[in-house]
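Below is one structure; the comments refer to it alone.
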Amino acid sequence: MDSTQKLDKTKRGWWKSAVFYQIYPKSFQDGNGDGIGDIPGILQRLDYLHELGIDGIWLSPVFDSPQVDNGYDISNYRDVWPTFGTMEDMKALIREAKRRNISIIMDLVLNHTSDQHPWFLEALKGRDNPYHDYYVWRDGTPDCPPNDMMAGFGGSAWTYIPQLGQYYFHQFTVQQPDLNWNNPAVRQELYDMIRYWVDLGVEGFRLDVIDQIAKEPDQKITNNGPRLHEFLQELSREAFCQEGLVTVGEAWGADVERAKRYSAPDGSELSMVFQFEHINLDQKPGGEKWDMIPLPLPQLKRCMERWQQGLHGQGWNSLFLDNHDLPRIVSRWGDDGKYRVESAKMLATMLYGMEGTPYIYQGEELGMTNIQLPISQYQDVEILNMYHHRMEEGYPEEQVMASIYARGRDNARTPMQWSEEPNAGFTTGTPWLPVNPNYVSINARQALADPNSVFYHYQKLIALRKRLPVFREGTFTLLEPDSTQLFAYTRDTEDAQLLVVCNFTGEPLSYSRPAEFADAELLLSNYPDTTSVLRPYEAQMYYRKKD
Ligand code: TEU
Ligand code: CA
């Protein structure tokens, strides 16, 4: 199978046929033995990514940063963190990736900077400093913050600066002050910076918490602020004007109607957004992400249906189950024990039959799993803040740890498992976060040697999506919506039809496919043959030409 079919990236909307791969640089490949992944390490692995068949890399932030939030706290937008490498390394990465027809998509954090960014250091110098208004300030006294808004990773969203007699606003950690988008100078600085990266050959951007830039803290508005779409349209006009750039905004607050605006086909805002409605379904209503419930399958199906049908012809979906903030999907909605391989393939099949642009998170193509560590070994600021907070509140420690095992972001951030060599071939030094001990049996070297691996299943799905227009154009119809075991749907164009059938459970399921598919071609499945039942986590994809 030709997994390396090239897309013509000069064509508008090329990214509709593309598949992207997210790299979390700290954990991908260490090139110099200091235990931390880096850009030279990524360069070593480009051939692996090319083999998988991806068209672009979403690179989580590599900018200079004190790393309080692993780079989502940027202190210099125009340079890379020295531990990751140099600008020369970055240029080499852009060039070498492009040579393999892989685009580099940078991760832009435009909502906030690091508190070590020169703009913030200037802002602290006085109310009259020209950079003071780059951030969001309110007068106050030490004991009385402007309001009771809370920050994303715990604590107040306001931090007091005594010498100014003012509070600054931060939606995330104290070290991530929010930028003031109402100030046109801030916006122009950011657009300039984006053009700088475009000039270096970057072909797109992932926009961190983009729906939070237009916050209005006096009204307690965080996402979807009143000027959001005005800002996005200006951003698009001024910074994304180069034909062919792909832009994907992270939008936890997006519903279908909002997503239509973000991803409007006229290109006035973004190419697409990451929305999280499906991701939030196994969270207790009214609770936090740490408060879990079992995944309600009928609701998942209805949710995907709503997005598939809602955006068809009117916008564009992103397709993802994993990223650096989420637990590993095979541990979450699959079975990371006995049926790890089958369920990892089933989840991919369920998603890759849909309309949208898929994003693979590093290691997902190997079926990498969650990890359980003692609290002293976790690194993530969100996990550590939550642990201290809930312990103080009197939660039983066992329950707190169970939440971390199930939902903690470090699950996704353990080093990439390349081989059965020490530290999974990730580093010759001491990894910054422990390697999952299961690397001896789950790793890329073994996957490449096994024709039945999860890796090759992804490779086939990617190639199919490029070959058959039905993946890109077909309308979506959900079958058997109420079944608590089966996830099945069809995609239809005028002359072809795709059927995707997934057993979402570890129990066998009797199922006969619609009559018109009796003689259809089996494009792909995760068992060596087919029988009259769907075995645990069995997934099948059928294709037929209409006559
Ligand atoms: O995440 C946005 C965000 O809302 C997170 O708080 C998310 O809800 C949380 O990670 C779920 O556990 C983005 C980045 O993806 C994340 O890595 C950053 O920490 C965050 O923004 C701040 O920049
Ligand atoms: Ca390194």
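The way I read the labels, and the way they are meant: chains A, B, ... in the order of the structure tokens, residue 1 as the first residue of every chain, and ligand 1 as the first ligand shown, with later ones counted on from there.
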
Within 8 Å of ligand 2, counting only C-alpha atoms and all ligand atoms, residues as a tab-separated table (two decimals) with C-alpha atoms, in the first residue's frame:
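Written file, part.tsv:
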chain	number	residue	atom	x	y	z
A	29	GLN	CA	13.15	11.81	21.25
A	30	ASP	CA	16.17	12.99	23.19
A	31	GLY	CA	19.09	13.73	20.87
A	32	ASN	CA	21.83	14.57	23.39
A	33	GLY	CA	21.31	12.39	26.45
A	34	ASP	CA	20.10	15.07	28.88
A	35	GLY	CA	16.83	13.19	29.41
A	36	ILE	CA	14.70	15.78	27.60
A	37	GLY	CA	13.42	15.42	24.06
A	38	ASP	CA	14.69	17.99	21.58
A	41	GLY	CA	15.75	14.16	18.24
A	83	THR	CA	17.29	22.76	25.88
A	84	PHE	CA	15.27	21.95	22.73
A	427	THR	CA	17.22	8.79	25.97

Distance query stretch 136-152 of chain A at most 6 Å, only C-alpha atoms, self and fewer than 6 positions along chain excluded, as a PyMOL selection string: chain A and resi 166-169+171-172+180

For the selection you just gave me, I'd like the residues written to a file as an mmCIF file, in the first residue's frame, keeping N, CA and C atoms.
data_model
loop_
_atom_site.group_PDB
_atom_site.id
_atom_site.type_symbol
_atom_site.label_atom_id
_atom_site.label_comp_id
_atom_site.auth_asym_id
_atom_site.auth_seq_id
_atom_site.Cartn_x
_atom_site.Cartn_y
_atom_site.Cartn_z
ATOM 1 N N GLN A 166 -2.004 46.736 42.366
ATOM 2 C CA GLN A 166 -2.910 46.178 41.357
ATOM 3 C C GLN A 166 -2.812 44.655 41.303
ATOM 4 N N TYR A 167 -3.891 44.079 40.801
ATOM 5 C CA TYR A 167 -3.916 42.649 40.512
ATOM 6 C C TYR A 167 -3.774 42.444 39.010
ATOM 7 N N TYR A 168 -3.066 41.388 38.616
ATOM 8 C CA TYR A 168 -3.131 40.992 37.199
ATOM 9 C C TYR A 168 -3.949 39.710 37.094
ATOM 10 N N PHE A 169 -4.517 39.548 35.904
ATOM 11 C CA PHE A 169 -5.456 38.455 35.650
ATOM 12 C C PHE A 169 -4.723 37.311 34.944
ATOM 13 N N GLN A 171 -5.688 33.259 33.578
ATOM 14 C CA GLN A 171 -6.651 32.141 33.511
ATOM 15 C C GLN A 171 -5.975 30.814 33.830
ATOM 16 N N PHE A 172 -4.636 30.796 33.776
ATOM 17 C CA PHE A 172 -3.918 29.561 34.120
ATOM 18 C C PHE A 172 -3.022 29.845 35.324
ATOM 19 N N ASN A 180 -3.642 41.366 27.150
ATOM 20 C CA ASN A 180 -4.803 42.238 26.965
ATOM 21 C C ASN A 180 -5.074 42.430 25.476
#

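Neighbouring residues of A:His457 at 9 Å or closer, counting only C-alpha atoms and skipping chain neighbours under 2 positions away, are Lys345, Ala348, Thr349, Glu365, Pro451, Asn452, Ser453, Val454, Phe455, Gln459, Lys460, Leu461, Ile462, Leu524, Ser525 and Asn526 of chain A.
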
Using N, CA and C atoms, can you export the residues from the last selection as a PDB file, in the first residue's frame?
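File produced: result_14.pdb:
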ATOM      1  N   LYS A 345      -7.202  -0.275  17.730  1.00  0.00           N
ATOM      2  CA  LYS A 345      -7.560  -0.229  16.306  1.00  0.00           C
ATOM      3  C   LYS A 345      -9.033   0.124  16.124  1.00  0.00           C
ATOM      4  N   ALA A 348      -9.577   3.861  16.518  1.00  0.00           N
ATOM      5  CA  ALA A 348      -9.094   4.570  15.325  1.00  0.00           C
ATOM      6  C   ALA A 348     -10.080   4.395  14.172  1.00  0.00           C
ATOM      7  N   THR A 349     -10.581   3.194  14.002  1.00  0.00           N
ATOM      8  CA  THR A 349     -11.517   2.926  12.902  1.00  0.00           C
ATOM      9  C   THR A 349     -12.789   3.756  13.065  1.00  0.00           C
ATOM     10  N   GLU A 365      -0.431   5.797  17.858  1.00  0.00           N
ATOM     11  CA  GLU A 365      -0.296   4.826  16.764  1.00  0.00           C
ATOM     12  C   GLU A 365       0.412   3.549  17.225  1.00  0.00           C
ATOM     13  N   PRO A 451       3.204  -6.948  11.061  1.00  0.00           N
ATOM     14  CA  PRO A 451       2.211  -6.450  10.090  1.00  0.00           C
ATOM     15  C   PRO A 451       0.833  -6.224  10.704  1.00  0.00           C
ATOM     16  N   ASN A 452       0.560  -6.845  11.849  1.00  0.00           N
ATOM     17  CA  ASN A 452      -0.739  -6.660  12.498  1.00  0.00           C
ATOM     18  C   ASN A 452      -0.726  -5.595  13.593  1.00  0.00           C
ATOM     19  N   SER A 453       0.275  -4.769  13.606  1.00  0.00           N
ATOM     20  CA  SER A 453       0.380  -3.795  14.705  1.00  0.00           C
ATOM     21  C   SER A 453      -0.615  -2.651  14.547  1.00  0.00           C
ATOM     22  N   VAL A 454      -0.821  -1.949  15.641  1.00  0.00           N
ATOM     23  CA  VAL A 454      -1.664  -0.754  15.628  1.00  0.00           C
ATOM     24  C   VAL A 454      -1.095   0.257  14.621  1.00  0.00           C
ATOM     25  N   PHE A 455       0.220   0.339  14.559  1.00  0.00           N
ATOM     26  CA  PHE A 455       0.882   1.267  13.629  1.00  0.00           C
ATOM     27  C   PHE A 455       0.392   1.071  12.205  1.00  0.00           C
ATOM     28  N   GLN A 459      -1.638   3.377   9.509  1.00  0.00           N
ATOM     29  CA  GLN A 459      -1.079   3.631   8.179  1.00  0.00           C
ATOM     30  C   GLN A 459      -2.123   3.335   7.093  1.00  0.00           C
ATOM     31  N   LYS A 460      -2.831   2.217   7.282  1.00  0.00           N
ATOM     32  CA  LYS A 460      -3.856   1.864   6.287  1.00  0.00           C
ATOM     33  C   LYS A 460      -4.991   2.873   6.285  1.00  0.00           C
ATOM     34  N   LEU A 461      -5.426   3.270   7.484  1.00  0.00           N
ATOM     35  CA  LEU A 461      -6.516   4.251   7.551  1.00  0.00           C
ATOM     36  C   LEU A 461      -6.125   5.555   6.856  1.00  0.00           C
ATOM     37  N   ILE A 462      -4.909   5.978   7.081  1.00  0.00           N
ATOM     38  CA  ILE A 462      -4.437   7.234   6.474  1.00  0.00           C
ATOM     39  C   ILE A 462      -4.453   7.099   4.954  1.00  0.00           C
ATOM     40  N   LEU A 524     -11.043  -2.980   5.639  1.00  0.00           N
ATOM     41  CA  LEU A 524     -10.144  -3.022   6.793  1.00  0.00           C
ATOM     42  C   LEU A 524     -10.883  -3.630   7.973  1.00  0.00           C
ATOM     43  N   SER A 525     -10.169  -4.405   8.778  1.00  0.00           N
ATOM     44  CA  SER A 525     -10.759  -4.846  10.047  1.00  0.00           C
ATOM     45  C   SER A 525      -9.621  -5.136  11.023  1.00  0.00           C
ATOM     46  N   ASN A 526      -9.978  -5.481  12.247  1.00  0.00           N
ATOM     47  CA  ASN A 526      -8.930  -5.728  13.243  1.00  0.00           C
ATOM     48  C   ASN A 526      -8.897  -7.178  13.721  1.00  0.00           C
TER      49      ASN A 526
END

Nearby polymer residues, ligand 1, at most 7 Å, only C-alpha atoms and all ligand atoms, as a list in words: Asp69, Tyr72, Asp73, Val109, Gly152, Phe153, Phe172, Asp208, Val209, Trp252, Lys289, His324, Asp325, Leu326 and Arg409 of chain A

A:Arg472 environment, 12 Å, only C-alpha atoms, sequence neighbours closer than 6 positions dropped, as a ChimeraX atom specification: /A:13-19,308,312-313,316-317,352-358,462,464-466,491-493,496-498

Saved selection, atoms kept: N, CA, C and O atoms, as a compact mmCIF listing (two decimals), in the first residue's frame:
# COMPACT_ATOMS: atom_id res chain seq x y z
N GLY A 13 -7.50 24.33 0.84
CA GLY A 13 -8.17 23.29 1.60
C GLY A 13 -7.47 21.93 1.53
O GLY A 13 -8.09 20.90 1.82
N TRP A 14 -6.18 21.92 1.20
CA TRP A 14 -5.42 20.66 1.14
C TRP A 14 -5.51 19.89 2.44
O TRP A 14 -5.49 18.66 2.45
N TRP A 15 -5.63 20.64 3.53
CA TRP A 15 -5.65 20.03 4.85
C TRP A 15 -6.90 19.20 5.10
O TRP A 15 -6.98 18.46 6.06
N LYS A 16 -7.89 19.30 4.19
CA LYS A 16 -9.09 18.46 4.36
C LYS A 16 -8.79 16.99 4.06
O LYS A 16 -9.52 16.11 4.48
N SER A 17 -7.73 16.75 3.31
CA SER A 17 -7.35 15.36 3.05
C SER A 17 -6.14 14.94 3.87
O SER A 17 -5.60 13.86 3.67
N ALA A 18 -5.70 15.81 4.74
CA ALA A 18 -4.45 15.57 5.46
C ALA A 18 -4.67 14.88 6.80
O ALA A 18 -5.77 14.86 7.33
N VAL A 19 -3.60 14.28 7.30
CA VAL A 19 -3.58 13.76 8.67
C VAL A 19 -2.38 14.39 9.38
O VAL A 19 -1.28 14.42 8.83
N GLN A 308 -20.83 15.73 13.03
CA GLN A 308 -20.65 15.33 11.64
C GLN A 308 -21.70 16.00 10.76
O GLN A 308 -21.38 16.56 9.72
N HIS A 312 -21.13 19.50 8.21
CA HIS A 312 -21.03 19.06 6.81
C HIS A 312 -21.43 20.20 5.86
O HIS A 312 -22.54 20.73 5.95
N GLY A 313 -20.52 20.58 4.99
CA GLY A 313 -20.79 21.65 4.03
C GLY A 313 -20.81 23.05 4.63
O GLY A 313 -20.92 24.03 3.91
N TRP A 316 -15.77 22.71 9.15
CA TRP A 316 -14.90 21.55 9.03
C TRP A 316 -14.54 21.05 10.42
O TRP A 316 -14.20 21.85 11.30
N ASN A 317 -14.60 19.72 10.60
CA ASN A 317 -14.29 19.11 11.89
C ASN A 317 -12.81 18.78 12.01
O ASN A 317 -12.15 18.44 11.03
N TYR A 352 -11.73 7.42 12.16
CA TYR A 352 -11.16 7.75 10.86
C TYR A 352 -12.11 7.52 9.69
O TYR A 352 -11.80 7.88 8.56
N GLY A 353 -13.28 6.94 9.98
CA GLY A 353 -14.30 6.88 8.95
C GLY A 353 -15.06 8.20 8.83
O GLY A 353 -15.88 8.36 7.92
N MET A 354 -14.80 9.11 9.75
CA MET A 354 -15.62 10.34 9.78
C MET A 354 -15.03 11.45 8.93
O MET A 354 -13.91 11.37 8.44
N GLU A 355 -15.85 12.50 8.75
CA GLU A 355 -15.42 13.67 7.99
C GLU A 355 -14.67 14.62 8.92
O GLU A 355 -15.12 14.91 10.02
N GLY A 356 -13.52 15.09 8.45
CA GLY A 356 -12.73 16.01 9.26
C GLY A 356 -11.26 15.74 9.06
O GLY A 356 -10.88 14.90 8.24
N THR A 357 -10.44 16.44 9.80
CA THR A 357 -8.99 16.24 9.70
C THR A 357 -8.49 15.55 10.97
O THR A 357 -8.61 16.11 12.06
N PRO A 358 -7.95 14.33 10.84
CA PRO A 358 -7.50 13.62 12.03
C PRO A 358 -6.15 14.11 12.58
O PRO A 358 -5.29 14.54 11.82
N ILE A 462 -4.91 5.98 7.08
CA ILE A 462 -4.44 7.23 6.47
C ILE A 462 -4.45 7.10 4.95
O ILE A 462 -4.93 7.99 4.23
N LEU A 464 -6.22 5.02 3.11
CA LEU A 464 -7.60 4.93 2.63
C LEU A 464 -8.25 6.30 2.52
O LEU A 464 -8.95 6.60 1.55
N ARG A 465 -8.02 7.12 3.52
CA ARG A 465 -8.63 8.45 3.53
C ARG A 465 -8.18 9.27 2.33
O ARG A 465 -8.91 10.12 1.84
N LYS A 466 -6.96 9.01 1.89
CA LYS A 466 -6.47 9.78 0.73
C LYS A 466 -6.97 9.20 -0.58
O LYS A 466 -7.09 9.90 -1.57
N ARG A 491 -21.35 6.45 5.49
CA ARG A 491 -21.02 7.73 4.83
C ARG A 491 -21.44 7.55 3.37
O ARG A 491 -21.15 6.52 2.77
N ASP A 492 -22.07 8.55 2.81
CA ASP A 492 -22.65 8.43 1.48
C ASP A 492 -22.24 9.55 0.55
O ASP A 492 -22.40 10.73 0.89
N THR A 493 -21.78 9.19 -0.62
CA THR A 493 -21.71 10.16 -1.72
C THR A 493 -22.68 9.67 -2.78
O THR A 493 -23.33 8.62 -2.61
N ALA A 496 -20.90 6.25 -4.02
CA ALA A 496 -20.24 5.28 -3.15
C ALA A 496 -20.77 5.36 -1.72
O ALA A 496 -21.40 6.35 -1.34
N GLN A 497 -20.50 4.30 -0.99
CA GLN A 497 -20.99 4.25 0.38
C GLN A 497 -19.98 3.50 1.26
O GLN A 497 -19.41 2.48 0.86
N LEU A 498 -19.78 4.02 2.43
CA LEU A 498 -18.86 3.43 3.40
C LEU A 498 -19.67 3.01 4.62
O LEU A 498 -20.58 3.72 5.03

DSSP helix (DSSP H, G or I) residues within stretch 122-222 of chain A, listed as a PyMOL selection string: chain A and resi 122-123+132-134+184-199+210-212+217-219

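For A:Leu46, the set of protein, DNA and RNA residues having any atom at most 9 Å away, when counting only C-alpha atoms and skipping those fewer than 5 positions along the same chain, is A:Glu51, A:Leu93, A:Glu96, A:Ala97, A:Arg100, A:Ile102.
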
Only all heavy atoms, please: the residues just picked out, written as an mmCIF file, in the first residue's frame.
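Once written, selection27.cif looks like this:
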data_model
loop_
_atom_site.group_PDB
_atom_site.id
_atom_site.type_symbol
_atom_site.label_atom_id
_atom_site.label_comp_id
_atom_site.auth_asym_id
_atom_site.auth_seq_id
_atom_site.Cartn_x
_atom_site.Cartn_y
_atom_site.Cartn_z
ATOM 1 N N GLU A 51 6.884 7.266 7.091
ATOM 2 C CA GLU A 51 6.408 5.894 6.901
ATOM 3 C C GLU A 51 4.940 5.747 7.341
ATOM 4 O O GLU A 51 4.145 5.058 6.701
ATOM 5 C CB GLU A 51 7.319 4.948 7.704
ATOM 6 C CG GLU A 51 6.875 3.492 7.810
ATOM 7 C CD GLU A 51 7.107 2.706 6.529
ATOM 8 O OE1 GLU A 51 7.836 3.215 5.657
ATOM 9 O OE2 GLU A 51 6.544 1.592 6.412
ATOM 10 N N LEU A 93 14.672 21.489 10.852
ATOM 11 C CA LEU A 93 13.461 20.677 10.997
ATOM 12 C C LEU A 93 12.418 21.070 9.941
ATOM 13 O O LEU A 93 11.835 20.202 9.277
ATOM 14 C CB LEU A 93 12.879 20.839 12.408
ATOM 15 C CG LEU A 93 11.566 20.089 12.652
ATOM 16 C CD1 LEU A 93 11.758 18.578 12.506
ATOM 17 C CD2 LEU A 93 10.995 20.410 14.037
ATOM 18 N N GLU A 96 13.816 19.785 6.515
ATOM 19 C CA GLU A 96 13.841 18.323 6.369
ATOM 20 C C GLU A 96 12.431 17.740 6.351
ATOM 21 O O GLU A 96 12.170 16.747 5.680
ATOM 22 C CB GLU A 96 14.664 17.694 7.491
ATOM 23 C CG GLU A 96 16.163 17.852 7.300
ATOM 24 C CD GLU A 96 16.637 17.257 5.970
ATOM 25 O OE1 GLU A 96 16.350 16.072 5.719
ATOM 26 O OE2 GLU A 96 17.271 17.983 5.187
ATOM 27 N N ALA A 97 11.543 18.352 7.122
ATOM 28 C CA ALA A 97 10.153 17.887 7.108
ATOM 29 C C ALA A 97 9.559 18.161 5.730
ATOM 30 O O ALA A 97 8.943 17.284 5.114
ATOM 31 C CB ALA A 97 9.356 18.578 8.211
ATOM 32 N N ARG A 100 10.074 15.852 2.999
ATOM 33 C CA ARG A 100 9.239 14.635 3.049
ATOM 34 C C ARG A 100 7.755 14.982 2.894
ATOM 35 O O ARG A 100 6.874 14.189 3.255
ATOM 36 C CB ARG A 100 9.478 13.916 4.372
ATOM 37 C CG ARG A 100 10.903 13.373 4.505
ATOM 38 C CD ARG A 100 11.202 12.999 5.960
ATOM 39 N NE ARG A 100 12.513 12.384 6.132
ATOM 40 C CZ ARG A 100 13.662 13.068 6.258
ATOM 41 N NH1 ARG A 100 13.663 14.389 6.197
ATOM 42 N NH2 ARG A 100 14.809 12.429 6.448
ATOM 43 N N ILE A 102 6.091 16.989 4.666
ATOM 44 C CA ILE A 102 5.475 17.135 5.987
ATOM 45 C C ILE A 102 5.546 18.614 6.389
ATOM 46 O O ILE A 102 6.628 19.197 6.391
ATOM 47 C CB ILE A 102 6.205 16.254 7.031
ATOM 48 C CG1 ILE A 102 6.011 14.765 6.697
ATOM 49 C CG2 ILE A 102 5.746 16.573 8.438
ATOM 50 C CD1 ILE A 102 6.795 13.808 7.589
#

Between atom CA of A:Ala264 and atom CA of A:Leu297 - distance in Å to one decimal: 29.5 Å

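Residue nearest A:Arg390 within the list A:Ser403, A:Leu523, A:Pro374, A:Asp64: A:Ser403 [criterion: smallest interatomic distance, only C-alpha atoms].
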
Residue with smallest distance to A:Phe274 - pool A:Arg206, A:Arg227, A:Lys6, A:Arg45, counting only C-alpha atoms: A:Arg206

List every residue of stretch 409-502 of chain A that DSSP, applied to the backbone, labels as strand (DSSP E), and write the result as a PDB file with N, CA and C atoms, in the first residue's frame.
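The resulting file, result39.pdb, is shown below:
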ATOM      1  N   THR A 475     -21.884  12.078   3.339  1.00  0.00           N
ATOM      2  CA  THR A 475     -22.766  12.489   4.441  1.00  0.00           C
ATOM      3  C   THR A 475     -22.802  11.380   5.490  1.00  0.00           C
ATOM      4  N   PHE A 476     -23.097  11.744   6.713  1.00  0.00           N
ATOM      5  CA  PHE A 476     -22.990  10.829   7.847  1.00  0.00           C
ATOM      6  C   PHE A 476     -24.375  10.382   8.299  1.00  0.00           C
ATOM      7  N   THR A 477     -24.559   9.081   8.445  1.00  0.00           N
ATOM      8  CA  THR A 477     -25.809   8.554   9.009  1.00  0.00           C
ATOM      9  C   THR A 477     -25.480   7.575  10.127  1.00  0.00           C
ATOM     10  N   LEU A 478     -25.997   7.844  11.298  1.00  0.00           N
ATOM     11  CA  LEU A 478     -25.774   6.968  12.445  1.00  0.00           C
ATOM     12  C   LEU A 478     -26.752   5.800  12.392  1.00  0.00           C
ATOM     13  N   LEU A 479     -26.253   4.581  12.657  1.00  0.00           N
ATOM     14  CA  LEU A 479     -27.117   3.405  12.709  1.00  0.00           C
ATOM     15  C   LEU A 479     -27.292   2.980  14.175  1.00  0.00           C
ATOM     16  N   LEU A 486     -22.783  -1.198  20.191  1.00  0.00           N
ATOM     17  CA  LEU A 486     -22.393  -1.011  18.799  1.00  0.00           C
ATOM     18  C   LEU A 486     -22.286   0.469  18.438  1.00  0.00           C
ATOM     19  N   PHE A 487     -21.208   0.825  17.742  1.00  0.00           N
ATOM     20  CA  PHE A 487     -21.093   2.145  17.122  1.00  0.00           C
ATOM     21  C   PHE A 487     -20.983   1.896  15.625  1.00  0.00           C
ATOM     22  N   ALA A 488     -22.044   2.178  14.880  1.00  0.00           N
ATOM     23  CA  ALA A 488     -22.023   1.928  13.438  1.00  0.00           C
ATOM     24  C   ALA A 488     -22.590   3.129  12.704  1.00  0.00           C
ATOM     25  N   TYR A 489     -22.019   3.401  11.553  1.00  0.00           N
ATOM     26  CA  TYR A 489     -22.525   4.500  10.734  1.00  0.00           C
ATOM     27  C   TYR A 489     -22.159   4.286   9.280  1.00  0.00           C
ATOM     28  N   THR A 490     -22.857   5.023   8.405  1.00  0.00           N
ATOM     29  CA  THR A 490     -22.500   5.014   6.991  1.00  0.00           C
ATOM     30  C   THR A 490     -22.106   6.416   6.577  1.00  0.00           C
ATOM     31  N   ARG A 491     -21.347   6.452   5.490  1.00  0.00           N
ATOM     32  CA  ARG A 491     -21.024   7.728   4.827  1.00  0.00           C
ATOM     33  C   ARG A 491     -21.438   7.553   3.369  1.00  0.00           C
ATOM     34  N   ASP A 492     -22.073   8.548   2.813  1.00  0.00           N
ATOM     35  CA  ASP A 492     -22.655   8.429   1.480  1.00  0.00           C
ATOM     36  C   ASP A 492     -22.237   9.554   0.549  1.00  0.00           C
ATOM     37  N   ALA A 496     -20.902   6.252  -4.021  1.00  0.00           N
ATOM     38  CA  ALA A 496     -20.235   5.281  -3.150  1.00  0.00           C
ATOM     39  C   ALA A 496     -20.766   5.362  -1.725  1.00  0.00           C
ATOM     40  N   GLN A 497     -20.498   4.299  -0.992  1.00  0.00           N
ATOM     41  CA  GLN A 497     -20.987   4.245   0.385  1.00  0.00           C
ATOM     42  C   GLN A 497     -19.979   3.504   1.260  1.00  0.00           C
ATOM     43  N   LEU A 498     -19.782   4.020   2.431  1.00  0.00           N
ATOM     44  CA  LEU A 498     -18.857   3.435   3.399  1.00  0.00           C
ATOM     45  C   LEU A 498     -19.672   3.007   4.620  1.00  0.00           C
ATOM     46  N   LEU A 499     -19.331   1.852   5.155  1.00  0.00           N
ATOM     47  CA  LEU A 499     -19.983   1.394   6.394  1.00  0.00           C
ATOM     48  C   LEU A 499     -18.902   1.130   7.433  1.00  0.00           C
ATOM     49  N   VAL A 500     -19.078   1.716   8.628  1.00  0.00           N
ATOM     50  CA  VAL A 500     -18.137   1.495   9.716  1.00  0.00           C
ATOM     51  C   VAL A 500     -18.895   0.841  10.858  1.00  0.00           C
ATOM     52  N   VAL A 501     -18.364  -0.263  11.341  1.00  0.00           N
ATOM     53  CA  VAL A 501     -19.038  -1.067  12.354  1.00  0.00           C
ATOM     54  C   VAL A 501     -18.054  -1.342  13.485  1.00  0.00           C
ATOM     55  N   CYS A 502     -18.393  -0.940  14.706  1.00  0.00           N
ATOM     56  CA  CYS A 502     -17.465  -1.118  15.829  1.00  0.00           C
ATOM     57  C   CYS A 502     -18.168  -1.699  17.042  1.00  0.00           C
TER      58      CYS A 502
END

Shell of 8 Å around A:Arg413, only C-alpha atoms, local chain residues under 5 positions omitted, as a PyMOL selection string: chain A and resi 24+27+324+433

Interatomic distance, atom CA of A:Ala520 to atom CA of A:Lys546 (Å, one decimal):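 Separation between atom CA of A:Ala520 and atom CA of A:Lys546: 10.2 Å.
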
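Considering only C-alpha atoms, the residue among A:Tyr537, A:Tyr543, A:Tyr395, A:Tyr439 positioned nearest to A:Glu521 is A:Tyr543.
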